[in-house]
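Peer 1: Got a structure for you, run05.cif, holding mmCIF, C-alpha atoms and all ligand atoms.
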```
data_work
#
loop_
_atom_site.label_atom_id
_atom_site.label_comp_id
_atom_site.auth_asym_id
_atom_site.auth_seq_id
_atom_site.Cartn_x
_atom_site.Cartn_y
_atom_site.Cartn_z
CA MET A 25 -15.31 91.80 -3.25
CA THR A 26 -12.92 93.49 -0.80
CA ASP A 27 -9.31 93.53 -1.96
CA PRO A 28 -7.80 90.83 0.30
CA PHE A 29 -4.55 92.77 0.57
CA ARG A 30 -6.05 96.05 1.81
CA SER A 31 -5.15 97.26 5.29
CA ASP A 32 -8.84 97.06 6.24
CA ALA A 33 -9.42 93.69 4.56
CA LEU A 34 -11.15 92.24 7.62
CA ALA A 35 -13.34 95.25 8.51
CA GLY A 36 -16.85 94.17 9.42
CA THR A 37 -15.86 90.55 10.07
CA THR A 38 -15.95 88.58 13.30
CA ALA A 39 -13.17 86.19 14.35
CA PHE A 40 -13.50 83.65 17.16
CA MET A 41 -10.15 82.35 18.37
CA ALA A 42 -9.57 79.47 20.79
CA GLY A 43 -6.24 79.56 22.61
CA ALA A 44 -5.44 83.09 21.45
CA THR A 45 -4.19 84.62 24.70
CA SER A 46 -0.48 83.90 24.22
CA GLY A 47 2.13 82.89 21.67
CA ILE A 48 1.30 82.20 18.06
CA ASN A 49 -2.47 82.46 18.33
CA LEU A 50 -2.27 85.77 20.19
CA GLY A 51 -0.23 87.00 17.22
CA VAL A 52 -3.08 85.91 14.95
CA ALA A 53 -5.62 87.76 17.11
CA GLU A 54 -3.52 90.94 17.04
CA ARG A 55 -3.12 90.80 13.26
CA PHE A 56 -6.85 90.24 12.68
CA ALA A 57 -7.61 93.19 14.97
CA GLU A 58 -5.11 95.35 13.06
CA LEU A 59 -6.92 94.54 9.80
CA GLY A 60 -10.31 95.52 11.23
CA ALA A 61 -11.89 92.31 12.56
CA LYS A 62 -13.92 92.07 15.75
CA VAL A 63 -12.10 89.51 17.88
CA TYR A 64 -13.37 87.08 20.53
CA VAL A 65 -10.80 85.00 22.44
CA ILE A 66 -11.05 82.04 24.80
CA SER A 67 -8.51 80.24 26.97
CA ARG A 68 -8.44 78.77 30.48
CA SER A 69 -6.94 81.68 32.37
CA GLN A 70 -9.29 84.56 33.18
CA ASP A 71 -6.23 86.81 33.66
CA LYS A 72 -4.87 86.00 30.20
CA VAL A 73 -8.29 86.53 28.60
CA ASP A 74 -8.72 89.88 30.40
CA ALA A 75 -5.21 91.04 29.44
CA THR A 76 -5.74 90.10 25.79
CA VAL A 77 -9.17 91.73 25.55
CA SER A 78 -7.92 94.92 27.25
CA ALA A 79 -4.88 95.14 24.99
CA LEU A 80 -7.01 94.70 21.87
CA GLN A 81 -9.62 97.19 23.07
CA SER A 82 -6.93 99.77 23.89
CA LYS A 83 -6.05 99.78 20.17
CA GLY A 84 -9.67 100.40 19.20
CA THR A 85 -10.72 96.81 18.46
CA ASP A 86 -14.15 95.48 19.28
CA ALA A 87 -12.92 92.62 21.46
CA ALA A 88 -14.37 90.26 24.06
CA GLY A 89 -13.61 86.88 25.53
CA MET A 90 -14.37 84.22 28.09
CA ALA A 91 -12.32 81.88 30.30
CA VAL A 92 -13.04 78.45 28.83
CA ASP A 93 -11.28 75.09 28.85
CA VAL A 94 -11.72 73.59 25.37
CA ARG A 95 -12.12 70.17 27.00
CA ALA A 96 -15.50 71.31 28.40
CA TYR A 97 -17.98 71.22 25.53
CA ASP A 98 -20.76 73.14 27.30
CA ALA A 99 -18.41 76.01 28.12
CA VAL A 100 -17.12 76.13 24.53
CA GLU A 101 -20.74 76.28 23.32
CA ALA A 102 -21.56 79.10 25.77
CA SER A 103 -18.63 81.20 24.58
CA LEU A 104 -19.60 80.81 20.92
CA LYS A 105 -23.16 81.83 21.72
CA ASP A 106 -21.85 84.88 23.60
CA CYS A 107 -19.64 85.81 20.65
CA ARG A 108 -22.58 85.52 18.22
CA GLU A 109 -24.80 87.66 20.44
CA ARG A 110 -22.18 90.39 20.80
CA PHE A 111 -20.70 90.50 17.32
CA GLY A 112 -23.01 88.61 14.95
CA LYS A 113 -22.14 85.59 12.87
CA ILE A 114 -18.59 84.26 12.87
CA ASP A 115 -16.61 84.71 9.66
CA PHE A 116 -13.32 83.22 10.83
CA LEU A 117 -12.72 80.48 13.38
CA LEU A 118 -9.29 79.64 14.79
CA SER A 119 -8.76 76.51 16.88
CA GLY A 120 -5.28 76.64 18.36
CA ALA A 121 -5.41 75.62 22.03
CA ALA A 122 -2.82 72.94 22.73
CA GLY A 123 -0.71 71.37 25.43
CA ASN A 124 2.73 69.82 25.22
CA PHE A 125 5.44 68.41 27.46
CA VAL A 126 8.52 66.37 26.67
CA ALA A 127 8.20 62.77 27.84
CA PRO A 128 8.59 59.26 26.45
CA ALA A 129 5.47 57.13 26.11
CA LEU A 130 6.59 55.00 29.05
CA GLY A 131 7.33 58.13 31.10
CA MET A 132 3.78 59.36 31.14
CA SER A 133 0.60 58.03 32.71
CA PRO A 134 -2.43 57.17 30.59
CA ASN A 135 -3.98 60.35 31.95
CA ALA A 136 -1.00 62.41 30.77
CA PHE A 137 -1.34 61.05 27.21
CA LYS A 138 -5.10 61.59 27.33
CA THR A 139 -4.69 65.15 28.58
CA VAL A 140 -2.93 66.23 25.40
CA VAL A 141 -5.33 64.30 23.16
CA ASP A 142 -8.25 65.92 25.01
CA ILE A 143 -6.90 69.46 24.63
CA ASP A 144 -5.54 69.26 21.08
CA LEU A 145 -7.88 66.85 19.30
CA MET A 146 -11.08 66.79 21.34
CA GLY A 147 -10.70 70.55 21.93
CA THR A 148 -10.50 71.18 18.19
CA TYR A 149 -13.51 68.96 17.60
CA HIS A 150 -15.45 70.77 20.34
CA VAL A 151 -14.63 74.21 18.94
CA CYS A 152 -15.49 73.28 15.36
CA ARG A 153 -18.61 71.33 16.35
CA ALA A 154 -20.02 74.06 18.57
CA ALA A 155 -19.08 76.86 16.14
CA PHE A 156 -20.77 75.47 13.07
CA GLU A 157 -24.25 76.87 13.75
CA HIS A 158 -22.76 80.34 14.29
CA LEU A 159 -20.62 80.43 11.15
CA ASN A 160 -21.44 82.90 8.42
CA ALA A 161 -22.05 80.36 5.69
CA PRO A 162 -21.45 80.37 2.83
CA GLY A 163 -18.08 82.08 3.05
CA ALA A 164 -16.81 81.28 6.53
CA SER A 165 -13.25 80.06 7.00
CA VAL A 166 -11.95 77.71 9.70
CA VAL A 167 -8.25 77.26 10.52
CA ASN A 168 -7.02 74.60 12.93
CA ILE A 169 -3.46 74.91 14.18
CA THR A 170 -1.57 71.66 13.78
CA ALA A 171 2.16 70.88 14.05
CA PRO A 172 4.95 68.96 12.27
CA GLN A 173 4.29 66.19 14.82
CA ALA A 174 1.12 65.37 12.84
CA VAL A 175 3.12 63.93 9.96
CA LYS A 176 6.55 63.19 11.46
CA PRO A 177 7.14 60.86 14.39
CA TYR A 178 9.33 62.28 17.18
CA ILE A 179 10.65 60.69 20.36
CA MET A 180 9.17 62.19 23.55
CA GLN A 181 6.18 63.44 21.55
CA SER A 182 3.91 60.39 21.08
CA HIS A 183 0.97 62.18 22.71
CA VAL A 184 1.33 65.31 20.55
CA CYS A 185 2.01 63.31 17.37
CA ALA A 186 -1.14 61.22 17.90
CA ALA A 187 -3.27 64.25 18.79
CA LYS A 188 -2.10 66.50 15.96
CA ALA A 189 -2.38 63.69 13.38
CA GLY A 190 -6.01 63.54 14.47
CA VAL A 191 -6.34 67.30 14.01
CA ASN A 192 -5.11 66.97 10.40
CA MET A 193 -7.60 64.22 9.60
CA LEU A 194 -10.46 66.00 11.39
CA THR A 195 -9.67 69.13 9.34
CA GLN A 196 -9.90 67.25 6.06
CA CYS A 197 -13.08 65.34 7.02
CA LEU A 198 -14.79 68.59 8.00
CA ALA A 199 -13.60 70.19 4.75
CA LEU A 200 -15.40 67.43 2.85
CA GLU A 201 -18.58 67.64 4.93
CA TRP A 202 -18.80 71.43 5.13
CA GLY A 203 -17.50 72.29 1.64
CA PRO A 204 -20.92 71.89 0.01
CA LEU A 205 -22.25 74.40 2.59
CA GLY A 206 -19.61 76.96 1.64
CA VAL A 207 -17.43 76.58 4.74
CA ARG A 208 -13.72 76.10 4.13
CA VAL A 209 -11.69 74.16 6.70
CA ASN A 210 -7.89 74.21 6.60
CA ALA A 211 -5.00 73.65 8.98
CA ILE A 212 -1.78 75.58 9.34
CA SER A 213 1.31 73.71 10.49
CA PRO A 214 3.83 76.15 11.98
CA GLY A 215 7.51 75.32 12.16
CA PRO A 216 9.49 76.41 15.22
CA ILE A 217 8.28 79.89 16.12
CA LYS A 218 10.44 82.21 18.21
CA ASP A 219 9.42 83.44 21.69
CA THR A 220 6.74 80.81 22.20
CA GLU A 221 5.90 78.41 25.00
CA GLY A 222 6.11 75.55 22.52
CA MET A 223 9.76 76.22 21.71
CA ARG A 224 10.63 77.00 25.33
CA ARG A 225 9.47 73.46 26.13
CA LEU A 226 10.98 71.72 23.10
CA ALA A 227 14.26 73.66 22.81
CA PRO A 228 15.07 75.01 26.27
CA THR A 229 18.84 75.52 25.74
CA PRO A 230 20.84 77.48 23.12
CA GLU A 231 22.20 74.14 21.83
CA ALA A 232 18.71 72.70 21.39
CA GLU A 233 17.64 75.94 19.71
CA GLN A 234 20.49 75.70 17.21
CA HIS A 235 19.64 72.05 16.57
CA ALA A 236 16.03 73.07 15.86
CA LYS A 237 17.18 75.79 13.45
CA ASN A 238 19.36 73.27 11.62
CA ALA A 239 16.26 71.12 11.04
CA VAL A 240 14.71 73.94 9.00
CA ALA A 241 15.67 74.64 5.37
CA LEU A 242 15.60 78.41 6.03
CA ARG A 243 17.84 77.87 9.11
CA ASP A 244 15.85 80.18 11.39
CA PHE A 245 12.78 80.29 13.58
CA GLY A 246 9.61 81.85 12.23
CA GLU A 247 7.51 84.57 13.85
CA ALA A 248 3.90 84.57 14.99
CA ARG A 249 3.30 87.11 12.23
CA ASP A 250 4.14 84.44 9.62
CA ILE A 251 1.30 82.27 10.91
CA ALA A 252 -1.01 85.27 11.30
CA ASP A 253 -0.58 86.36 7.68
CA ALA A 254 -1.24 82.81 6.44
CA CYS A 255 -4.47 82.90 8.47
CA VAL A 256 -5.39 86.24 6.87
CA PHE A 257 -4.80 84.70 3.45
CA LEU A 258 -7.15 81.83 4.28
CA ALA A 259 -9.74 84.14 5.86
CA THR A 260 -10.08 86.42 2.84
CA SER A 261 -11.12 85.93 -0.76
CA ALA A 262 -7.43 85.23 -1.52
CA GLY A 263 -8.06 81.76 -0.13
CA LYS A 264 -11.61 81.24 -1.36
CA TYR A 265 -10.78 78.13 -3.43
CA ILE A 266 -8.65 76.47 -0.75
CA THR A 267 -10.10 73.84 1.56
CA GLY A 268 -8.85 70.66 3.21
CA GLU A 269 -5.31 71.99 2.91
CA ILE A 270 -2.59 71.42 5.50
CA MET A 271 -0.55 74.56 4.92
CA TYR A 272 3.05 74.34 6.09
CA VAL A 273 4.38 77.67 7.30
CA ASP A 274 7.54 76.12 8.63
CA GLY A 275 10.62 77.30 6.79
CA GLY A 276 10.74 73.93 5.03
CA MET A 277 10.84 71.87 8.24
CA VAL A 278 8.67 68.92 7.24
CA MET A 279 10.68 68.41 4.06
CA GLY A 280 13.62 67.29 6.17
CA ASP A 281 17.18 67.66 4.85
CA GLY A 282 16.67 65.68 1.66
CA GLY A 283 17.92 62.52 3.31
CA MET A 284 21.36 62.49 1.65
CA GLY A 285 23.25 64.36 4.38
CA GLN A 286 24.67 66.97 1.98
CA VAL A 287 22.85 69.96 3.45
CA GLN A 288 25.31 72.10 5.39
CA GLY A 289 24.38 73.08 8.99
C1 LIG A 301 4.93 63.39 32.21
C2 LIG A 301 3.27 64.91 32.71
C3 LIG A 301 4.13 65.99 32.46
C4 LIG A 301 5.50 65.68 32.06
C5 LIG A 301 2.21 66.79 33.03
N1 LIG A 301 2.09 65.46 33.08
N2 LIG A 301 3.46 67.15 32.68
N3 LIG A 301 3.64 63.62 32.59
N4 LIG A 301 5.84 64.38 31.95
N5 LIG A 301 6.39 66.65 31.81
C6 LIG A 301 0.91 64.68 33.47
C7 LIG A 301 0.44 64.95 34.88
O1 LIG A 301 1.23 64.24 35.85
C8 LIG A 301 -0.98 64.43 34.82
O2 LIG A 301 -1.03 63.03 34.86
C9 LIG A 301 -1.42 64.82 33.40
O3 LIG A 301 -0.21 65.03 32.66
C10 LIG A 301 -2.22 66.11 33.40
O4 LIG A 301 -1.44 67.11 34.05
P1 LIG A 301 -2.12 68.43 34.66
O5 LIG A 301 -1.03 69.32 35.11
O6 LIG A 301 -3.18 68.04 35.64
O7 LIG A 301 -2.89 68.98 33.35
P2 LIG A 301 -3.42 70.41 33.00
O8 LIG A 301 -3.42 71.31 34.20
O9 LIG A 301 -4.67 70.19 32.27
O10 LIG A 301 -2.26 71.00 32.03
C11 LIG A 301 -2.09 70.50 30.72
C12 LIG A 301 -0.61 70.41 30.35
C13 LIG A 301 0.13 71.70 30.66
C14 LIG A 301 -0.56 70.02 28.86
C15 LIG A 301 0.02 69.25 31.18
O11 LIG A 301 1.51 71.58 30.33
C16 LIG A 301 -0.45 72.90 29.95
O12 LIG A 301 -1.38 73.52 30.44
N6 LIG A 301 0.07 73.28 28.75
C17 LIG A 301 -0.46 74.41 27.96
C18 LIG A 301 0.64 75.24 27.39
C19 LIG A 301 1.50 74.50 26.38
O13 LIG A 301 1.77 73.29 26.56
N7 LIG A 301 1.95 75.23 25.34
C20 LIG A 301 2.79 74.64 24.32
C21 LIG A 301 2.01 74.21 23.15
S1 LIG A 301 3.20 73.74 21.90
P3 LIG A 301 -1.46 62.23 36.21
O14 LIG A 301 -1.48 60.80 35.82
O15 LIG A 301 -0.40 62.55 37.21
O16 LIG A 301 -2.80 62.74 36.60
C22 LIG A 301 2.61 72.45 21.03
C23 LIG A 301 3.40 71.84 19.89
C24 LIG A 301 4.63 72.60 19.56
O17 LIG A 301 1.53 72.03 21.24
C25 LIG A 301 5.28 72.08 18.31
C26 LIG A 301 6.60 72.77 18.04
C27 LIG A 301 7.30 72.34 16.74
P1 LIG A 302 1.00 78.79 23.98
O1 LIG A 302 1.51 80.19 24.07
O2 LIG A 302 1.11 77.94 25.19
O3 LIG A 302 -0.51 78.88 23.49
C1 LIG A 302 -1.51 77.98 23.86
C2 LIG A 302 -2.80 78.75 24.03
O4 LIG A 302 -3.85 77.81 24.27
C3 LIG A 302 -2.81 79.70 25.21
O5 LIG A 302 -3.62 80.80 24.92
C4 LIG A 302 -3.42 78.87 26.34
O6 LIG A 302 -3.99 79.76 27.31
C5 LIG A 302 -4.45 78.09 25.54
N1 LIG A 302 -4.83 76.80 26.11
C6 LIG A 302 -4.02 75.78 26.51
N2 LIG A 302 -4.76 74.76 26.98
C7 LIG A 302 -6.06 75.14 26.86
C8 LIG A 302 -7.29 74.53 27.17
N3 LIG A 302 -7.34 73.31 27.72
N4 LIG A 302 -8.44 75.20 26.92
C9 LIG A 302 -8.41 76.45 26.39
N5 LIG A 302 -7.27 77.08 26.07
C10 LIG A 302 -6.11 76.43 26.32
O7 LIG A 302 1.69 77.96 22.82
P2 LIG A 302 2.32 78.24 21.38
O8 LIG A 302 3.69 77.68 21.40
O9 LIG A 302 2.13 79.64 20.92
O10 LIG A 302 1.43 77.24 20.48
C11 LIG A 302 0.24 77.69 19.87
C12 LIG A 302 -0.25 76.66 18.85
O11 LIG A 302 0.73 76.48 17.83
C13 LIG A 302 -0.53 75.27 19.42
O12 LIG A 302 -1.63 74.71 18.75
C14 LIG A 302 0.74 74.51 19.07
O13 LIG A 302 0.51 73.12 19.01
C15 LIG A 302 1.06 75.10 17.73
N6 LIG A 302 2.46 75.01 17.31
C16 LIG A 302 3.39 75.72 17.97
C17 LIG A 302 4.71 75.72 17.52
C18 LIG A 302 5.76 76.58 18.17
O14 LIG A 302 6.85 76.73 17.64
N7 LIG A 302 5.48 77.17 19.30
C19 LIG A 302 5.04 74.95 16.41
C20 LIG A 302 4.06 74.18 15.78
C21 LIG A 302 2.76 74.24 16.24
P3 LIG A 302 -4.37 79.30 28.81
O15 LIG A 302 -3.09 78.89 29.47
O16 LIG A 302 -5.03 80.50 29.40
O17 LIG A 302 -5.33 78.17 28.68
#
```
Translate this structure into structure tokens?
Peer 2:
Amino acid sequence: MTDPFRSDALAGTTAFMAGATSGINLGVAERFAELGAKVYVISRSQDKVDATVSALQSKGTDAAGMAVDVRAYDAVEASLKDCRERFGKIDFLLSGAAGNFVAPALGMSPNAFKTVVDIDLMGTYHVCRAAFEHLNAPGASVVNITAPQAVKPYIMQSHVCAAKAGVNMLTQCLALEWGPLGVRVNAISPGPIKDTEGMRRLAPTPEAEQHAKNAVALRDFGEARDIADACVFLATSAGKYITGEIMYVDGGMVMGDGGMGQVQG
């Protein structure tokens, strides 16, 4: 068994990553490439896919990708088939495409609410559903990217809360169904991560940023690398007995402040 903490721990493996052309998931793609994986990325923008693939290839990675909207099942299926044909079976699957905007439930149309549910929840279902036949089972590892909104209600986030709660439950149901086949399915719940579109939308001012930091026990934002290394852990033999887990890589955010008000800002 390869030492999971070696610098070439992922050599010879294939990773398929949905929504990995910017932000957190791009950080995961870069880390997997650094550790030797072949990497296939999808997202809507052809330009972002091309830029990501070129950047990975320029560092010597076997990389490819396709412009795909995760809401379109046939296109998701086609990209997984293309990945399998180029790189062989898929050892690690990341589903991280998501959409968010700040609006109260009454300030959005039914289509606006549905848009986020379609991208986050249906998109994750599509990616997992279409990937299954291409997974290298037994042994494959799936990670869905969820959010604190899955377990904590927030104003202006009803769409994201509902969608990501579904992602958590989907993750655990798939873990039960696919466990006997040797496929592990987990979710990672990032806290606020610096330099990301998510935090630009949720904390657009220095005051909002400070407020967000105060909601975290470690009093700081995390980095994409924190999420990437948790994915590596779950992709390797280090995580071989972990499935159905919602792993919080969030500086202690979902714990809250203990509820007694004695934590100092
Ligand atoms: C109310 C809004 C809105 C807003 C869009 N809509 N923005 N409604 N307030 N601010 C409505 C539109 O009017 C439309 O409804 C419907 O939503 C769909 O909008 P489109 O622009 O047509 O959708 P689309 O082009 O598919 O874009 C999806 C998107 C967009 C989610 C709206 O923002 C996007 O592409 N986001 C991807 C990037 C992103 O969000 N990254 C952050 C992820 S962070 P009508 O009725 O007019 O048709 C995250 C959690 C972070 O997920 C957690 C941090 C702790
Ligand atoms: P981001 O940079 O906007 O990343 C979203 C990615 O998904 C992009 O590659 C985007 O590329 C792609 N995408 C969006 N809609 C898509 C669709 N319909 N089909 C296919 N691809 C699509 O956002 P981020 O802030 O790094 O967030 C990444 C993940 O982490 C999300 O799942 C988010 O919910 C989660 N998260 C983020 C934070 C945070 O602090 N940022 C905290 C908790 C959880 P295209 O535009 O090319 O489609």
Peer 1: Restricting the calculation to all atoms listed in the file, which member of A:Asn135, A:Gln173, A:Thr38, A:Thr195 is positioned closest to ligand LIG 302 (chain A)?
Peer 2: A:Gln173
Peer 1: What does the distance from atom C11 of ligand LIG 302 (chain A) to atom CA of Gly282 of chain A come to in Å, to one decimal?
Peer 2: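 Separating atom C11 of ligand LIG 302 (chain A) from atom CA of Gly282 of chain A is a distance of 27.3 Å.
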Peer 1: What is the distance, in Å and to one decimal place, between atom CA of Val167 of chain A and atom C19 of ligand LIG 302 (chain A)?
Peer 2: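 Between atom CA of Val167 of chain A and atom C19 of ligand LIG 302 (chain A) the gap works out to 14.7 Å.
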Peer 1: Taking every listed atom of segment 200-218 of chain A and adding 8 Å to each side, what centre and edge lengths in Å (one decimal) does the axis-aligned box have, as lines of an AutoDock Vina configuration file?
Peer 2:
```
center_x = -5.9
center_y = 74.8
center_z = 9.1
size_x = 48.7
size_y = 30.8
size_z = 34.2
```
Peer 1: Go through the chains and note each residue within 6 Å of ligand LIG 301 (chain A), using only C-alpha atoms and all ligand atoms, then give the set as a list in words.
Peer 2: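 Based on only C-alpha atoms and all ligand atoms, ligand LIG 301 (chain A) is surrounded within 6 Å by Ala122, Gly123, Asn124, Phe125, Val126, Ala127, Gly131, Met132, Ser133, Asn135, Ala136, Thr139, Val140, Ala171, Gly215, Pro216, Glu221, Gly222 and Met223 of chain A.
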Peer 1: Those selected residues, please, written with C-alpha atoms and delivered as a compact mmCIF listing (two decimals), in the coordinates of the input.
Peer 2:
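File written: selection-v3.txt
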```
# COMPACT_ATOMS: atom_id res chain seq x y z
CA ALA A 122 -2.82 72.94 22.73
CA GLY A 123 -0.71 71.37 25.43
CA ASN A 124 2.73 69.82 25.22
CA PHE A 125 5.44 68.41 27.46
CA VAL A 126 8.52 66.37 26.67
CA ALA A 127 8.20 62.77 27.84
CA GLY A 131 7.33 58.13 31.10
CA MET A 132 3.78 59.36 31.14
CA SER A 133 0.60 58.03 32.71
CA ASN A 135 -3.98 60.35 31.95
CA ALA A 136 -1.00 62.41 30.77
CA THR A 139 -4.69 65.15 28.58
CA VAL A 140 -2.93 66.23 25.40
CA ALA A 171 2.16 70.88 14.05
CA GLY A 215 7.51 75.32 12.16
CA PRO A 216 9.49 76.41 15.22
CA GLU A 221 5.90 78.41 25.00
CA GLY A 222 6.11 75.55 22.52
CA MET A 223 9.76 76.22 21.71
```
Peer 1: Restricting the calculation to only C-alpha atoms and all ligand atoms, which member of A:Val278, A:Ala35, A:Leu130, A:Val209 is positioned closest to ligand LIG 302 (chain A)?
Peer 2: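 Residue with the minimum atom-to-atom distance to ligand LIG 302 (chain A): A:Val278.
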Peer 1: For chain A against ligand LIG 302 (chain A), with a cut-off of 6 Å and counting only C-alpha atoms and all ligand atoms, what is the closest atom pair and its distance in Å to one decimal for every residue that makes the cut, ordered by chain and number, as CSV?
Peer 2:
```
residue,atom,partner,partner_atom,distance
A:Gly43,CA,A:LIG302,O4,3.4
A:Ala44,CA,A:LIG302,O5,4.5
A:Thr45,CA,A:LIG302,O5,3.9
A:Ser46,CA,A:LIG302,O1,4.2
A:Gly47,CA,A:LIG302,O9,3.3
A:Ile48,CA,A:LIG302,O9,3.9
A:Asn49,CA,A:LIG302,C11,5.7
A:Ser67,CA,A:LIG302,N5,3.5
A:Arg68,CA,A:LIG302,O17,3.6
A:Ser69,CA,A:LIG302,O16,3.7
A:Lys72,CA,A:LIG302,O16,5.6
A:Val92,CA,A:LIG302,C9,5.6
A:Asp93,CA,A:LIG302,N4,3.4
A:Val94,CA,A:LIG302,N4,4.0
A:Arg95,CA,A:LIG302,N3,5.8
A:Gly120,CA,A:LIG302,O12,4.1
A:Ala121,CA,A:LIG302,O4,3.5
A:Ala122,CA,A:LIG302,O12,4.5
A:Gly123,CA,A:LIG302,N2,5.5
A:Ile143,CA,A:LIG302,N3,5.0
A:Ile169,CA,A:LIG302,O12,4.9
A:Thr170,CA,A:LIG302,C21,5.6
A:Ala171,CA,A:LIG302,C21,4.1
A:Ser213,CA,A:LIG302,C21,6.0
A:Pro214,CA,A:LIG302,C20,4.3
A:Gly215,CA,A:LIG302,C19,4.9
A:Pro216,CA,A:LIG302,O14,3.6
A:Ile217,CA,A:LIG302,O14,3.8
A:Thr220,CA,A:LIG302,O8,4.4
A:Glu221,CA,A:LIG302,O8,4.3
A:Gly222,CA,A:LIG302,O8,3.4
A:Met223,CA,A:LIG302,N7,5.0
```
Peer 1: Give the answer as one residue: which of A:Lys105, A:Arg225, A:Lys218, A:His158 has the shortest atom-to-atom distance to Lys237 of chain A, using all atoms listed in the file?
Peer 2: A:Lys218
Peer 1: Using all atoms listed in the file for the distances, tell me which of A:Leu205, A:Ala186, A:Val100, A:Leu198 is nearest to Ala161 of chain A.
Peer 2: A:Leu205
